[in-house]
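As structure tokens, the structure follows; a few thoughts come after it.
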Protein chains: 2
Amino acid sequence: MKKAQRIAVIGAGAMGSYYGGRLAEAGHDVRFLVRRDYHAVRSSGLNVTSPDGDFLLTHPFTAADSSEIGTVDWVICALKSTSIHSAQKLVQPCVGADTRILVLMNGLGLEDHFAGWFGEERIFGGLAFTCINRGKPGNVHHLAYGTVTLGHHKNNPAEIERALALWSGSKTSIVSASSLLKARWEKLCWNIPFSGLCVAGGGITTDRVMSDAGLRAAAGALMQEVICAGNADLAYHGEKAVIDGEALVESMFQKTSTMGAYRPSTMIDFVEGKAMEIDAIFNEPLRRARELKVPAHGLALLTALLRSLNHGR
Amino acid sequence: MKKAQRIAVIGAGAMGSYYGGRLAEAGHDVRFLVRRDYHAVRSSGLNVTSPDGDFLLTHPFTAADSSEIGTVDWVICALKSTSIHSAQKLVQPCVGADTRILVLMNGLGLEDHFAGWFGEERIFGGLAFTCINRGKPGNVHHLAYGTVTLGHHKNNPAEIERALALWSGSKTSIVSASSLLKARWEKLCWNIPFSGLCVAGGGITTDRVMSDAGLRAAAGALMQEVICAGNADLAYHGEKAVIDGEALVESMFQKTSTMGAYRPSTMIDFVEGKAMEIDAIFNEPLRRARELKVPAHGLALLTALLRSLNHGR
């Protein structure tokens with residue numbers, strides 16, 4: 001086995017616990033910043049069920065404050081994007097000269113914040129295509145899927161290799177993206193229509209969007225807006241990568257048709273009365289579309305509705 | 001006073017009770033088809049509160065079945081548009097050779113149904129800009145506003161005069177529309193954005209739409225779509241009338257800014273878990289926009305969401 005890395009997981013919710021747990025299982029020194037489940041994890045460990053193999057970390061390193069963790073080789077920031085404004089303070093104590101930071105969060109533009117705080121060369125983004133829920137305190141249930149797409153904020157190939165090396169040997173499915181920005185926009189092509197319509201449609205599952213002609217057409221129209229905005233944004237950032245809209249739309253509908261009555265995380269937040277990740281998933285793409293003069297009437301309408309539904313949460 | 005007319009009010013909900021009551025108060029022979037409040041109205045009468053003067057009809061003619069009413073000079077059909085498919089059966093027993101029918105309902109295309117059933121020359125449309133709620137059984141509360149715009153299905157000026165004559169002498173504010181179709185589309189210019197966004201925004205009041213920049217912009221964009229579809233529909237029907245979009249948008253926003261925390265009827269249906277009038281207010285305008293190749297992406301998205309929210313009601 002390669003040299004074990006020291007890893008701080010900032011935000012040990014479902015995602016952070018699962019992926020941090022997989023790295024700990026692979027022999028790395030993983031240190032979890034735990035809030036809600038602190039006492040449960042300290043007393044009973046971190047218990048994960050997964051189709052890829054259950055595991056129990058009996059005595060994981062848990063911290064209630066990042067300063068207890070110290071500097072690390074890798075920070076995995078798995079906060080909900082609604083907590084982006086507390087991320088700097090939480091991550092800072094773990095960052096040394098050579099620390100890399102993986103932003104394992106939903107939405108657009110989050111890496112820009114980290115690059116501004118900590119310098120752009122050390123920033124990576126991770127996009128999880130997965131279904132992981134928290135169970136009772138200290139328990140995490142990985143239900144299905146699980147591939148994480150990794151990219152580097154400046155698309156540096158050597159840095160991407162370094163990130164892949166971290167995960168090799170762990171029971172995870174990791175792929176790399178040559179353009180992180182393109183990967184982010186491509187994921188929005190799913191998240192915006194499906195999360196958005198599942199929420200604004202009243203807390204419905206993705207199969208309802210797929211089977212209703214009007215909602216499905218609306219999803220397709222939203223994808224077109226996102227693709228146009230994404231390609232304009234890629235060009236604006238000087239990237240050569242281009243989203244192949246036709247192939248992507250087909251693939252998104254095809255994948256979703258196999259997902260059954262899937263509940264997007266934003267829809268779960270909605271029905272549970274929690275704050276939804278509107279800024280990073282909807283507002284920021286809309287802001288960029290407007291700045292780049294890309295028509296996005298559907299996205300604007302949907303975003304306004306979601307902000308209203310999110311009001312006061 | 002002119003010769004009293006015999007009038008059947010089909011659907012004595014808030015609107016039918018109020019306007020039928022005003023005609024009874026003015027001396028006409030008004031006969032109410034009453035469902036929900038039948039026993040209350042028979043025992044205690046119809047009790048109306050209004051800024052234009054309260055009134056009580058102690059023993060109004062109430063029928064549980066239209067055949068008890070017999071043929072009349074005027075039918076006022078004030079059913080909810082979700083009941084359009086039972087309208088023919090309910091109205092038929094009241095229709096004689098010279099009977100006129102006023103369709104006092106929300107939405108587009110309802111008069112076409114009546115014209116198909118009973119012949120187009122006798123069909124009128126009424127658009128109520130008003131806030132009337134039902135109270136406890138037998139009670140109706142007219143809260144504010146109250147102008148009814150009357151038009152004739154074929155825009156026949158002599159027929160419009162006949163309709164106006166019916167209401168003269170009653171405590172109502174009636175204006176006539178030289179183009180009923182234009183009046184319907186102009187009302188949709190308010191109903192589609194404000195009712196739609198108040199529902200899909202989570203059951204909010206119109207002041208929230210007015211004060212939120214995103215929702216307000218979405219309302220404006222929806223109005224533009226409705227105006228374009230309306231003008232195409234007017235041209236398609238060979239009408240010379242044209243909606244003055246700029247003036248209308250300004251007037252709609254101006255009027256709404258004075259309405260405070262107004263609850264559109266569709267929003268009240270939504271929060272009370274009742275069936276919403278989606279077909280007549282949203283689907284039919286969208287269908288026409290599509291048939292006339294007028295872009296209506298926002299309307300399509302909003303309609304799909306409302307249909308989803310209305311699912312199973």
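By order of appearance in the structure tokens: chains A, B, ..., then residues from 1 within every chain, and ligands from 1 in the order shown.
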- Message: I'd like to know which residues of segment 22-120 of chain B are strand (DSSP E) (by DSSP, run on the backbone); could you write them as a count of residues only?
- Response: 30
- Which neighbours of segment 49-62 of chain A fall inside 10 Å, counting only C-alpha atoms, when residues of the same chain fewer than 4 positions from it are skipped, and could you give them as a VMD selection string? chain A and resid 8 to 9 12 18 21 to 22 24 to 25 29 to 35 37 to 39 41 to 45 66 68 to 69 132 135 138 to 146 171 to 172
I need the contact residues of chain B against chain A, so if you could list those with any atom within 6 Å, counting only C-alpha atoms, and return them as a PDB file with N, CA and C atoms, in the first residue's frame, that would help.
ATOM      1  N   GLY B 201     -45.331  29.395  -6.239  1.00  0.00           N
ATOM      2  CA  GLY B 201     -44.396  29.957  -5.265  1.00  0.00           C
ATOM      3  C   GLY B 201     -44.669  29.467  -3.851  1.00  0.00           C
ATOM      4  N   GLY B 202     -45.677  28.630  -3.682  1.00  0.00           N
ATOM      5  CA  GLY B 202     -45.895  27.998  -2.381  1.00  0.00           C
ATOM      6  C   GLY B 202     -47.140  28.473  -1.656  1.00  0.00           C
ATOM      7  N   GLY B 214     -37.215  38.619  -8.634  1.00  0.00           N
ATOM      8  CA  GLY B 214     -37.249  37.478  -9.544  1.00  0.00           C
ATOM      9  C   GLY B 214     -38.665  37.103  -9.942  1.00  0.00           C
ATOM     10  N   LEU B 215     -39.573  37.066  -8.977  1.00  0.00           N
ATOM     11  CA  LEU B 215     -40.967  36.724  -9.282  1.00  0.00           C
ATOM     12  C   LEU B 215     -41.622  37.815 -10.120  1.00  0.00           C
ATOM     13  N   ALA B 218     -40.473  37.459 -13.558  1.00  0.00           N
ATOM     14  CA  ALA B 218     -41.130  36.288 -14.149  1.00  0.00           C
ATOM     15  C   ALA B 218     -42.573  36.622 -14.530  1.00  0.00           C
ATOM     16  N   GLY B 298     -42.293  29.901 -20.742  1.00  0.00           N
ATOM     17  CA  GLY B 298     -42.614  30.141 -19.331  1.00  0.00           C
ATOM     18  C   GLY B 298     -43.990  29.606 -18.987  1.00  0.00           C
ATOM     19  N   LEU B 301     -43.877  25.833 -18.793  1.00  0.00           N
ATOM     20  CA  LEU B 301     -43.255  25.367 -17.542  1.00  0.00           C
ATOM     21  C   LEU B 301     -44.214  25.536 -16.372  1.00  0.00           C
ATOM     22  N   ALA B 304     -47.171  23.104 -16.513  1.00  0.00           N
ATOM     23  CA  ALA B 304     -46.780  21.736 -16.124  1.00  0.00           C
ATOM     24  C   ALA B 304     -46.654  21.629 -14.607  1.00  0.00           C
ATOM     25  N   LEU B 305     -46.088  22.646 -13.976  1.00  0.00           N
ATOM     26  CA  LEU B 305     -45.952  22.626 -12.516  1.00  0.00           C
ATOM     27  C   LEU B 305     -47.319  22.650 -11.848  1.00  0.00           C
ATOM     28  N   SER B 308     -49.059  19.418 -12.043  1.00  0.00           N
ATOM     29  CA  SER B 308     -48.482  18.490 -11.068  1.00  0.00           C
ATOM     30  C   SER B 308     -49.008  18.794  -9.663  1.00  0.00           C
ATOM     31  N   LEU B 309     -49.061  20.080  -9.321  1.00  0.00           N
ATOM     32  CA  LEU B 309     -49.556  20.460  -7.996  1.00  0.00           C
ATOM     33  C   LEU B 309     -51.043  20.149  -7.841  1.00  0.00           C
TER      34      LEU B 309
END
- Within 9 Å of Met223 of chain A, counting only C-alpha atoms, which residues show up once you throw out same-chain ones fewer than 3 positions away? Write them as a PyMOL selection string, please. chain A and resi 188-190+192-193+218-220+226-228+245+248-249
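All residues of segment 38-111 of chain B that DSSP, run on the backbone, classes as helix (DSSP H, G or I) are Tyr38, His39, Ala40, Val41, Arg42, Ser43, Ser44, Ser66, Ser67, Glu68, Ser81, Thr82, Ser83, Ile84, His85, Ser86, Ala87, Gln88, Lys89, Leu90, Val91, Gln92, Pro93, Cys94, Leu110 and Glu111 of chain B.
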- Message: With only C-alpha atoms as the counted atoms, please give the residues lying no more than 10 Å from Trp167 of chain B, apart from itself and same-chain residues fewer than 2 positions off, as a list of chain:residue names.
- Response: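 Selected residues are B:Tyr19, B:Arg22, B:Leu23, B:Ala26, B:His28, B:Arg162, B:Ala163, B:Leu164, B:Ala165, B:Gly169, B:Ser170, B:Lys171, B:Thr172, B:Ser173, B:Ile174.
Proximity to Asn155 of chain B was assessed for B:Glu225, B:Asp112, B:Glu239, B:Glu277 counting only C-alpha atoms; the smallest distance is recorded for B:Glu239.
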- Message: as number ranges by chain, please: the residues near Gly238 of chain A (cut-off 12 Å, only C-alpha atoms, same-chain neighbours under 2 positions excluded).
- Response: A: 154-155, 179, 181-182, 231-236, 240-242
- Task: For Glu120 of chain A, please output as JSON, numbers by chain all residues within 12 Å (counting only C-alpha atoms; exclusion window: fewer than 3 positions along the same chain).
- Result: {"A": [99, 100, 101, 102, 110, 111, 112, 113, 114, 115, 116, 117, 123, 124, 125, 152, 153, 154, 155, 156, 159]}
- Quick one: everything within 7 Å of segment 83-91 of chain B, counting only C-alpha atoms, minus sequence neighbours fewer than 3 positions away in the same chain. Send it as a count of residues only. 7
- Straight-line distance linking atom CA of Lys3 of chain A with atom CA of Thr149 of chain A, stated in Å to one decimal: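 Separation of atom CA of Lys3 of chain A and atom CA of Thr149 of chain A: 23.1 Å.
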- Just give me the gap between atom CA of Ile268 of chain B and atom CA of Asn133 of chain B in Å, one decimal is fine.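 That distance, rounded to one decimal, is 10.1 Å.
Taking atom CA of Met259 of chain B and atom CA of Gly11 of chain B as the two end points, the separation is 27.2 Å.
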